[in-house]
Amino acid sequence: MSDENTNSPPARKRLGKGLAALIGDLDSVAPSVAKADEAVTAAPAGAPLRIPVDRLGPNPNNPRREFAEDDLNDLANSIREHGVMQPLMVRKDPGGAAGRFEIIAGERRWRASQRAGLHDVPVIVREASDTASLELAIVENVQRADLNAVEEALGYHRLMTDHDYTQNDLGQVIGKSRSHVANTLRLLKLPADVLEMVANGSLSAGHARTLVTASNPVSLAQKIVAQGLSVRQAEKLAQSDGDASSIGVAKAVAPETKDADVRALERLLESRLGLVTKIDAKPNGSGTLEIRYKTLEQLDGVLRMLQTDS
């Protein structure tokens, strides 16, 4: 998806340059304003400004649906201490309401800012159609790793079905490998009950992918969670059609000695990374973290996540 491809839709060409190119220079100082409409008219294109939080509203098409209470509280505490470090991206209210704006990207920051007691937040106002707004919301959330695996898969699916993206297109725009996109989309083949377990964090995306071709994915998912199986054990369980005794799963997981909080953290990391993760926690507070990958593309994906600005 190069800029020279004149057949590409304009919105997709812009996205191909990366989210930072759309946001503009975020290091500029955001002017404080009293009248949002006047500020938008007067401010240079792409310049941050401040808008009261009560004049902003969420994007109904935001792919992100889950906002963890603990995460919002942590962000609110950070905002109280340091302020909002990155402006929200907004557009004028598509319904035409004077002085009101719809959030394209940054709903989590907006919610946390209200908890922190802020009266206004820094924003960048963009001219964006409904289509461009959806695309930007998906790309921003994926690049910030703010989506759970199901939300990410649904976002990819919408871009492919509504905007004719290919898996290669998505990989280039979002900065993920095509195999990551394909593996994420595979989750949508699972029943709703299993997807709900992935969305709420009780089952990692890596575990869920082992069940895509299983004949009884719901019961297997419940068994994986109940017994705290690793991704490798889940693969064997799915291949044996649920016969745990035939692969020695019961012996491998009983008695259970790993702390429940450690197991939950392992599942969270596996959900975010899409890779097998093992934490060996020692009683004195030290320990080791092991992340297993099979290809250099998977390793590159982990490195990109570590380098992403928070």
# chains A, B, ... in the order shown; residues from 1 in each chain; ligands from 1
>>> residues_around(residues="Leu265 in chain A", least_positions_apart="2", cutoff="12 Å", atoms="only C-alpha atoms", output="count of residues only")
22
>>> closest_atom_pairs(of="range 131-176 of chain A", to="range 93-110 of chain A", cutoff="7 Å", atoms="only C-alpha atoms", output="Markdown table")
| residue | atom | partner | partner_atom | distance |
| --- | --- | --- | --- | --- |
| A:Ser133 | CA | A:Ile104 | CA | 5.7 |
| A:Leu136 | CA | A:Ile104 | CA | 6.8 |
| A:Ala137 | CA | A:Ala105 | CA | 5.3 |
| A:Glu140 | CA | A:Ala105 | CA | 6.5 |
>>> residues_around(residues="Glu235 in chain A", least_positions_apart="6", cutoff="9 Å", atoms="only C-alpha atoms", output="list in words")
His207, Arg209, Thr210 and Leu211 of chain A
>>> write_last_selection(atoms="all heavy atoms", output="short mmCIF file (atom, residue, chain, number, x, y, z; two decimals), in the first residue's frame")
data_model
loop_
_atom_site.label_atom_id
_atom_site.label_comp_id
_atom_site.auth_asym_id
_atom_site.auth_seq_id
_atom_site.Cartn_x
_atom_site.Cartn_y
_atom_site.Cartn_z
N HIS A 207 -4.82 -20.01 23.85
CA HIS A 207 -5.60 -21.20 24.19
C HIS A 207 -6.78 -21.35 23.23
O HIS A 207 -7.09 -22.45 22.76
CB HIS A 207 -6.13 -21.09 25.62
CG HIS A 207 -5.09 -21.32 26.67
ND1 HIS A 207 -4.36 -20.29 27.22
CD2 HIS A 207 -4.65 -22.44 27.29
CE1 HIS A 207 -3.51 -20.77 28.12
NE2 HIS A 207 -3.68 -22.08 28.19
N ARG A 209 -7.23 -20.36 20.18
CA ARG A 209 -6.90 -20.77 18.80
C ARG A 209 -6.73 -22.27 18.68
O ARG A 209 -6.93 -22.84 17.61
CB ARG A 209 -5.65 -20.04 18.33
CG ARG A 209 -5.92 -18.63 17.86
CD ARG A 209 -4.73 -18.06 17.10
NE ARG A 209 -3.61 -17.81 17.99
CZ ARG A 209 -3.40 -16.66 18.62
NH1 ARG A 209 -4.25 -15.66 18.46
NH2 ARG A 209 -2.35 -16.49 19.40
N THR A 210 -6.37 -22.95 19.77
CA THR A 210 -6.23 -24.40 19.70
C THR A 210 -7.58 -25.09 19.53
O THR A 210 -7.63 -26.28 19.19
CB THR A 210 -5.54 -24.95 20.97
OG1 THR A 210 -6.42 -24.79 22.10
CG2 THR A 210 -4.23 -24.22 21.24
N LEU A 211 -8.68 -24.36 19.77
CA LEU A 211 -10.01 -24.96 19.76
C LEU A 211 -10.78 -24.70 18.48
O LEU A 211 -11.93 -25.14 18.35
CB LEU A 211 -10.83 -24.42 20.95
CG LEU A 211 -10.17 -24.55 22.33
CD1 LEU A 211 -11.05 -23.90 23.39
CD2 LEU A 211 -9.90 -26.01 22.66
#
>>> closest_residue(among="A:Leu75, A:Val212, A:Leu188, A:Leu56", to="Ala116 in chain A", atoms="only C-alpha atoms")
A:Leu75
>>> select_by_dssp(residues="range 55-284 of chain A", states="alpha helix (DSSP H)", output="MDAnalysis selection string")
chainID A and resid 69:82 107:115 130:143 149:163 167:174 178:186 192:199 205:209 217:227 231:239 249:253 260:273
>>> closest_residue(among="A:Val90, A:Leu237, A:Ala149, A:Ile124", to="His180 in chain A", atoms="only C-alpha atoms")
A:Ala149
>>> closest_residue(among="A:Gly155, A:Gly206, A:Pro122, A:Pro58", to="Leu275 in chain A", atoms="only C-alpha atoms")
A:Gly206
>>> closest_residue(among="A:Asp130, A:Val150, A:Arg91, A:Gly117", to="Gly57 in chain A", atoms="only C-alpha atoms")
A:Arg91
>>> select_by_dssp(residues="range 38-250 of chain A", states="strand (DSSP E)", output="PyMOL selection string")
chain A and resi 49-52+56-57+88-92+101-105+120-125
>>> atom_distance(atom1="CA of Arg55 in chain A", atom2="CA of Val123 in chain A")
11.6 Å
